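Below is structure.txt, which holds compact mmCIF, C-alpha atoms.
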```txt
# COMPACT_ATOMS: atom_id res chain seq x y z
CA MET S 1 -35.48 14.49 -114.73
CA SER S 2 -35.80 18.04 -113.40
CA ASN S 3 -33.74 20.83 -114.93
CA PRO S 4 -32.19 23.60 -112.74
CA GLU S 5 -35.34 25.72 -113.16
CA THR S 6 -37.78 22.97 -112.14
CA ARG S 7 -38.20 20.45 -109.36
CA ASP S 8 -40.50 17.55 -108.62
CA LEU S 9 -43.04 18.08 -105.85
CA LEU S 10 -44.63 15.46 -103.60
CA ILE S 11 -47.66 16.31 -101.47
CA GLU S 12 -48.87 13.67 -99.02
CA ILE S 13 -51.48 13.90 -96.28
CA GLY S 14 -51.34 10.97 -93.85
CA THR S 15 -54.50 10.13 -91.95
CA GLU S 16 -56.35 7.55 -89.98
CA GLU S 17 -58.33 5.14 -92.18
CA LEU S 18 -60.36 7.07 -94.76
CA PRO S 19 -63.94 6.11 -95.73
CA PRO S 20 -63.43 3.39 -98.37
CA LYS S 21 -66.41 4.28 -100.54
CA ALA S 22 -65.27 7.92 -100.71
CA LEU S 23 -61.54 7.35 -101.24
CA SER S 24 -61.51 7.54 -105.06
CA THR S 25 -63.58 10.72 -105.08
CA LEU S 26 -61.44 12.34 -102.40
CA SER S 27 -58.26 11.47 -104.32
CA LEU S 28 -59.53 12.77 -107.65
CA THR S 29 -60.89 15.99 -106.15
CA PHE S 30 -57.66 16.59 -104.25
CA GLU S 31 -55.65 16.23 -107.45
CA GLN S 32 -58.02 18.58 -109.29
CA GLY S 33 -57.76 21.11 -106.47
CA ILE S 34 -53.96 21.06 -106.62
CA GLN S 35 -54.01 21.43 -110.39
CA SER S 36 -56.46 24.32 -110.22
CA GLY S 37 -54.34 26.08 -107.60
CA LEU S 38 -51.21 25.70 -109.69
CA GLU S 39 -52.98 27.06 -112.78
CA LYS S 40 -54.29 30.08 -110.88
CA ALA S 41 -50.75 30.76 -109.70
CA GLY S 42 -49.49 30.66 -113.28
CA LEU S 43 -47.61 27.41 -112.74
CA PRO S 44 -47.97 24.61 -115.29
CA GLY S 45 -49.36 21.60 -113.46
CA ASN S 46 -50.17 19.21 -116.26
CA ASN S 47 -47.91 16.33 -115.25
CA LEU S 48 -49.74 15.17 -112.11
CA ARG S 49 -50.11 11.70 -110.65
CA ARG S 50 -52.36 10.92 -107.71
CA PHE S 51 -52.05 8.25 -105.03
CA ALA S 52 -54.61 7.02 -102.53
CA THR S 53 -54.62 4.36 -99.84
CA PRO S 54 -56.68 3.92 -96.67
CA ARG S 55 -54.20 6.14 -94.82
CA ARG S 56 -53.08 8.71 -97.34
CA LEU S 57 -53.90 11.12 -100.14
CA ALA S 58 -50.93 12.15 -102.27
CA VAL S 59 -50.11 13.98 -105.48
CA LEU S 60 -46.83 13.99 -107.41
CA ILE S 61 -46.07 16.87 -109.80
CA GLU S 62 -43.00 16.52 -111.97
CA ASN S 63 -40.93 19.37 -113.42
CA LEU S 64 -42.66 22.18 -111.57
CA PRO S 65 -41.00 25.61 -112.06
CA ILE S 66 -39.21 26.85 -108.96
CA ARG S 67 -40.95 30.23 -109.23
CA GLN S 68 -43.87 31.89 -110.92
CA PRO S 69 -43.22 33.65 -114.24
CA ASP S 70 -42.92 37.41 -113.98
CA ARG S 71 -46.24 39.15 -114.60
CA HIS S 72 -46.69 41.97 -117.11
CA LEU S 73 -48.97 44.53 -115.47
CA GLU S 74 -50.77 47.28 -117.32
CA ARG S 75 -52.82 49.96 -115.59
CA ARG S 76 -54.90 52.38 -117.65
CA GLY S 77 -55.26 56.01 -116.62
CA PRO S 78 -57.05 59.01 -118.09
CA ALA S 79 -57.49 59.63 -121.79
CA VAL S 80 -54.61 61.57 -123.34
CA SER S 81 -57.07 64.33 -124.29
CA ALA S 82 -57.86 64.81 -120.60
CA ALA S 83 -54.29 64.29 -119.40
CA PHE S 84 -52.65 67.32 -121.02
CA GLY S 85 -53.63 70.91 -121.55
CA PRO S 86 -53.44 72.80 -124.89
CA ASP S 87 -49.80 73.67 -124.15
CA GLY S 88 -48.93 70.05 -123.31
CA THR S 89 -48.80 70.64 -119.57
CA PRO S 90 -49.98 67.63 -117.52
CA THR S 91 -53.39 68.12 -115.96
CA LYS S 92 -54.31 67.21 -112.39
CA ALA S 93 -55.80 63.99 -113.77
CA ALA S 94 -52.44 62.96 -115.27
CA GLU S 95 -50.49 64.00 -112.18
CA GLY S 96 -52.89 62.18 -109.86
CA PHE S 97 -52.68 58.99 -111.92
CA ALA S 98 -48.87 59.13 -112.02
CA ARG S 99 -48.73 59.75 -108.28
CA SER S 100 -51.00 56.75 -107.61
CA CYS S 101 -48.62 54.64 -109.69
CA GLY S 102 -45.55 55.92 -107.88
CA VAL S 103 -43.96 57.33 -111.06
CA ALA S 104 -43.57 60.64 -112.86
CA VAL S 105 -45.91 61.63 -115.67
CA ALA S 106 -42.98 61.37 -118.06
CA ASP S 107 -42.64 57.67 -117.18
CA LEU S 108 -46.17 56.85 -118.31
CA GLN S 109 -46.79 55.41 -121.75
CA ARG S 110 -49.50 56.03 -124.30
CA GLN S 111 -51.79 53.31 -125.55
CA GLU S 112 -53.65 53.73 -128.84
CA THR S 113 -57.02 52.01 -129.14
CA ASP S 114 -59.94 52.25 -131.54
CA LYS S 115 -61.62 54.41 -128.91
CA GLY S 116 -58.73 56.83 -128.54
CA ALA S 117 -55.41 57.21 -126.77
CA TRP S 118 -54.89 56.60 -123.05
CA LEU S 119 -52.14 57.00 -120.51
CA VAL S 120 -50.97 53.67 -119.12
CA GLN S 121 -48.47 52.51 -116.59
CA VAL S 122 -46.61 49.35 -117.60
CA SER S 123 -44.66 47.39 -115.00
CA ARG S 124 -43.34 43.92 -114.37
CA GLU S 125 -44.05 42.05 -111.16
CA PRO S 126 -41.46 39.39 -110.25
CA GLY S 127 -42.92 35.92 -109.77
CA ALA S 128 -43.06 34.50 -106.26
CA PRO S 129 -41.05 31.41 -105.31
CA THR S 130 -43.16 28.30 -105.83
CA ALA S 131 -42.29 27.04 -102.36
CA ASP S 132 -44.04 30.08 -100.86
CA LEU S 133 -47.25 29.30 -102.77
CA ILE S 134 -47.59 25.54 -102.26
CA PRO S 135 -48.84 25.52 -98.62
CA GLY S 136 -51.75 27.78 -99.52
CA ILE S 137 -52.57 25.74 -102.63
CA VAL S 138 -52.62 22.53 -100.58
CA THR S 139 -54.75 24.09 -97.83
CA ASN S 140 -57.30 25.34 -100.35
CA ALA S 141 -57.41 21.97 -102.11
CA LEU S 142 -58.07 20.18 -98.81
CA ALA S 143 -60.76 22.68 -97.87
CA GLY S 144 -62.50 22.00 -101.18
CA LEU S 145 -62.83 18.24 -100.73
CA PRO S 146 -66.39 16.87 -100.74
CA ILE S 147 -66.66 15.95 -97.05
CA PRO S 148 -70.27 15.99 -95.81
CA LYS S 149 -69.28 15.85 -92.15
CA ARG S 150 -65.86 16.95 -90.94
CA MET S 151 -64.43 15.86 -87.61
CA ARG S 152 -62.10 17.36 -85.03
CA TRP S 153 -59.50 15.49 -83.00
CA GLY S 154 -57.51 16.22 -79.87
CA ASP S 155 -57.77 19.80 -78.67
CA ARG S 156 -57.39 21.36 -82.14
CA ASP S 157 -59.82 23.38 -84.19
CA ASP S 158 -58.63 21.77 -87.44
CA GLU S 159 -61.29 19.73 -89.20
CA PHE S 160 -60.97 16.96 -91.78
CA VAL S 161 -62.64 13.72 -92.80
CA ARG S 162 -60.27 11.80 -90.46
CA PRO S 163 -57.52 12.84 -88.02
CA VAL S 164 -54.27 13.82 -89.75
CA HIS S 165 -51.02 12.35 -88.40
CA TRP S 166 -48.35 13.43 -90.89
CA ALA S 167 -47.84 15.68 -93.89
CA VAL S 168 -45.16 15.68 -96.59
CA LEU S 169 -44.25 18.64 -98.79
CA LEU S 170 -41.07 17.58 -100.57
CA PHE S 171 -39.89 19.95 -103.32
CA GLY S 172 -36.88 18.39 -104.98
CA ASP S 173 -34.72 17.38 -102.05
CA GLU S 174 -36.00 20.12 -99.76
CA VAL S 175 -38.95 20.16 -97.38
CA ILE S 176 -41.31 23.11 -97.72
CA PRO S 177 -41.93 24.16 -94.10
CA ALA S 178 -45.60 24.60 -93.32
CA THR S 179 -48.36 23.51 -90.98
CA ILE S 180 -51.09 21.54 -92.72
CA LEU S 181 -54.20 20.72 -90.66
CA GLY S 182 -52.18 21.20 -87.50
CA VAL S 183 -49.26 19.00 -88.59
CA GLN S 184 -45.76 20.26 -89.37
CA THR S 185 -44.56 19.13 -92.78
CA ASP S 186 -41.59 16.79 -93.14
CA ARG S 187 -40.06 14.21 -95.50
CA LEU S 188 -41.19 11.30 -93.34
CA THR S 189 -43.99 9.07 -94.55
CA ARG S 190 -45.48 5.93 -93.03
CA GLY S 191 -45.63 2.45 -94.44
CA HIS S 192 -48.06 -0.38 -93.70
CA ARG S 193 -49.47 -0.11 -90.21
CA PHE S 194 -48.19 -3.61 -89.23
CA HIS S 195 -45.54 -4.60 -91.77
CA CYS S 196 -43.60 -1.31 -91.48
CA PRO S 197 -44.57 0.76 -88.43
CA GLU S 198 -41.37 2.84 -88.49
CA PRO S 199 -41.29 6.18 -90.40
CA ILE S 200 -39.75 6.11 -93.89
CA ARG S 201 -37.45 8.95 -94.94
CA LEU S 202 -38.28 9.93 -98.50
CA THR S 203 -35.24 10.68 -100.66
CA ALA S 204 -36.96 12.25 -103.69
CA PRO S 205 -40.55 12.85 -104.84
CA THR S 206 -40.28 10.46 -107.78
CA GLU S 207 -39.02 7.70 -105.47
CA TYR S 208 -42.20 7.86 -103.39
CA ALA S 209 -44.09 4.91 -104.88
CA ARG S 210 -40.99 2.71 -105.05
CA GLN S 211 -39.93 3.40 -101.46
CA LEU S 212 -43.42 2.77 -100.14
CA ALA S 213 -43.69 -0.52 -102.02
CA GLU S 214 -40.20 -1.86 -101.28
CA THR S 215 -39.78 -0.60 -97.72
CA GLY S 216 -43.26 0.23 -96.52
CA LYS S 217 -45.28 -2.67 -97.98
CA VAL S 218 -47.75 -0.17 -99.44
CA ILE S 219 -48.95 0.01 -103.05
CA ALA S 220 -49.74 3.71 -103.16
CA ASP S 221 -51.29 3.89 -106.64
CA PHE S 222 -55.00 3.07 -106.38
CA SER S 223 -55.31 1.74 -109.94
CA GLU S 224 -52.22 -0.43 -109.56
CA ARG S 225 -53.47 -1.81 -106.26
CA ARG S 226 -56.89 -2.52 -107.77
CA ASP S 227 -55.24 -4.51 -110.55
CA VAL S 228 -53.34 -6.54 -107.93
CA VAL S 229 -56.57 -7.25 -106.03
CA ARG S 230 -58.33 -8.38 -109.21
CA THR S 231 -55.44 -10.53 -110.41
CA GLN S 232 -54.98 -12.24 -107.05
CA ALA S 233 -58.71 -12.87 -106.61
CA GLU S 234 -58.99 -14.37 -110.09
CA ALA S 235 -55.94 -16.56 -109.53
CA ALA S 236 -57.19 -17.78 -106.14
CA ALA S 237 -60.58 -18.66 -107.62
CA ALA S 238 -58.96 -20.47 -110.55
CA GLU S 239 -57.01 -22.67 -108.11
CA LEU S 240 -60.36 -23.72 -106.68
CA GLY S 241 -61.64 -24.60 -110.15
CA GLY S 242 -63.97 -21.61 -110.29
CA VAL S 243 -64.31 -17.98 -111.32
CA ALA S 244 -64.36 -15.01 -108.94
CA VAL S 245 -67.42 -12.76 -109.19
CA ILE S 246 -65.85 -9.30 -109.12
CA ARG S 247 -68.31 -6.43 -109.06
CA ALA S 248 -66.68 -3.09 -109.94
CA GLU S 249 -68.06 -1.25 -106.91
CA LEU S 250 -66.87 -3.96 -104.52
CA LEU S 251 -63.47 -4.09 -106.21
CA ASP S 252 -63.05 -0.35 -105.59
CA GLU S 253 -64.20 -0.66 -101.99
CA VAL S 254 -61.86 -3.56 -101.23
CA THR S 255 -58.99 -1.68 -102.89
CA ALA S 256 -59.73 1.25 -100.59
CA LEU S 257 -59.59 -0.99 -97.52
CA VAL S 258 -56.09 -2.42 -97.98
CA GLU S 259 -52.59 -1.09 -98.65
CA TRP S 260 -50.79 -4.38 -99.35
CA PRO S 261 -53.39 -6.81 -100.74
CA VAL S 262 -53.09 -10.56 -100.25
CA ALA S 263 -55.87 -12.87 -101.43
CA LEU S 264 -57.08 -15.70 -99.21
CA ALA S 265 -59.55 -18.42 -100.16
CA GLY S 266 -62.21 -19.62 -97.75
CA ASN S 267 -65.08 -22.08 -97.88
CA PHE S 268 -68.37 -22.90 -96.23
CA GLU S 269 -70.37 -26.12 -95.87
CA ARG S 270 -72.03 -27.29 -99.07
CA ARG S 271 -75.37 -27.67 -97.34
CA PHE S 272 -75.64 -23.88 -97.24
CA LEU S 273 -75.95 -23.94 -101.03
CA ASP S 274 -79.58 -24.87 -100.40
CA VAL S 275 -80.06 -21.19 -99.51
CA PRO S 276 -80.90 -19.10 -102.60
CA ALA S 277 -77.66 -18.07 -104.30
CA GLU S 278 -78.77 -14.43 -104.42
CA ALA S 279 -78.95 -14.30 -100.62
CA LEU S 280 -75.53 -15.88 -100.18
CA ILE S 281 -73.92 -13.63 -102.78
CA SER S 282 -75.51 -10.52 -101.30
CA THR S 283 -74.25 -11.44 -97.85
CA MET S 284 -70.73 -12.12 -99.10
CA GLN S 285 -70.50 -8.94 -101.17
CA ASP S 286 -72.37 -6.40 -99.05
CA HIS S 287 -71.56 -7.54 -95.52
CA GLN S 288 -68.30 -9.49 -95.69
CA ARG S 289 -66.63 -7.74 -98.64
CA TYR S 290 -65.88 -11.19 -100.13
CA PHE S 291 -65.72 -12.15 -103.80
CA PRO S 292 -68.04 -15.14 -104.41
CA VAL S 293 -66.82 -18.02 -106.58
CA VAL S 294 -68.94 -19.67 -109.30
CA ASP S 295 -68.36 -22.52 -111.70
CA GLY S 296 -68.15 -22.28 -115.49
CA HIS S 297 -71.94 -22.24 -115.73
CA GLY S 298 -72.36 -19.43 -113.21
CA ARG S 299 -73.49 -21.71 -110.38
CA LEU S 300 -72.34 -20.69 -106.93
CA LEU S 301 -69.60 -22.80 -105.36
CA PRO S 302 -69.02 -23.12 -101.58
CA TYR S 303 -65.96 -20.87 -101.75
CA PHE S 304 -65.12 -17.19 -101.46
CA ILE S 305 -62.07 -14.96 -101.85
CA THR S 306 -61.22 -12.34 -99.28
CA ILE S 307 -58.45 -9.74 -99.43
CA THR S 308 -56.40 -9.20 -96.31
```

Would you mind giving the structure from this file in structure tokens?
Amino acid sequence: MSNPETRDLLIEIGTEELPPKALSTLSLTFEQGIQSGLEKAGLPGNNLRRFATPRRLAVLIENLPIRQPDRHLERRGPAVSAAFGPDGTPTKAAEGFARSCGVAVADLQRQETDKGAWLVQVSREPGAPTADLIPGIVTNALAGLPIPKRMRWGDRDDEFVRPVHWAVLLFGDEVIPATILGVQTDRLTRGHRFHCPEPIRLTAPTEYARQLAETGKVIADFSERRDVVRTQAEAAAAELGGVAVIRAELLDEVTALVEWPVALAGNFERRFLDVPAEALISTMQDHQRYFPVVDGHGRLLPYFITIT
């Protein structure tokens, strides 16, 4: 739970369907870009969680400070030996340095080093509000995504891997106003394209995954959704008396194609088993995105599992 000096932050970019084979990489790189931006701003961003579905990239950061820490600034000027005359009167070098710092010579401090003493100006720069920094951090993270070919949409000059339709920047219970890839930020997300077409009003960043699952029929966490796909496919195959052949690359691709996975079993005529099993399996996996079903000895059965 956030304390008065921190808030939770949710960043979500809502798009048209993202390339399934690139989704995991886009999600990971987006999270890394956000973390890097926070670190450069002096904000601890260690507690991050990423989400990815066909229509969204999102990152949740818990307990983010509401402003940057103040910065201790130190500016070195001329050597003390060159800053004062024999009678202790400031030289033009000392006066020029003080003037450039906007202070009097008397306000400068001396710094002793193994190479001698120097005049320095020490100041403290107040940290900026975190809300002022987040839009730039998000924009830079999006610009750094590995997208070989970006596209435009409508009459805008904005470019991204797919058209962007909504953007969420929710800091605590407040929206950070900004324009991300041509879209004004809000607290409204979208659920499943068919099961929940109406916008969903997010109440708090940490409620994001729960609200999407319960109201929007979307499992936002990629790893969680992948586990659901695997479990359902295995269960459906077991009901047929077989075992689902689940290749890791296909599991990731199928997970990236659906937001609310439901396994369905299908079959084909047994006479097609006369075709070499390798050809059937290749067709099911590479072209249909199906999970083949085999028996306990690894022999292909006339069934398949598809995820809708």

Gln109 (chain S): which residues within 9 Å, counting all atoms listed in the file, same-chain residues fewer than 3 positions away excluded, as number ranges by chain? S: 105-106, 118-122

Create the file for the chosen residues now, containing C-alpha atoms and written as a compact mmCIF listing (two decimals), in the coordinates of the input.
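The file below, selection_26.txt, is the result:
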```
# COMPACT_ATOMS: atom_id res chain seq x y z
CA VAL S 105 -45.91 61.63 -115.67
CA ALA S 106 -42.98 61.37 -118.06
CA TRP S 118 -54.89 56.60 -123.05
CA LEU S 119 -52.14 57.00 -120.51
CA VAL S 120 -50.97 53.67 -119.12
CA GLN S 121 -48.47 52.51 -116.59
CA VAL S 122 -46.61 49.35 -117.60
```

Near-Glu278 (chain S) list (12 Å; all atoms listed in the file; drop same-chain fewer than 4 positions) as a PyMOL selection string: chain S and resi 273-274+282-286+292+298-300

List every protein, DNA or RNA residue with an atom no more than 12 Å from (-54.5, 55.5, -128.4) in the file's coordinates, counting only C-alpha atoms, and format the result as a ChimeraX atom specification. /S:76-81,109-120

Nearest to Arg271 (chain S), chosen from S:Leu301, S:Ala128, S:Leu28, S:Leu145, with all atoms listed in the file counted in the distances: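 So, comparing all the options, the nearest one is S:Leu301.
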
Any idea what the distance is between CA of Ser27 (chain S) and CA of Phe222 (chain S)? 9.2 Å
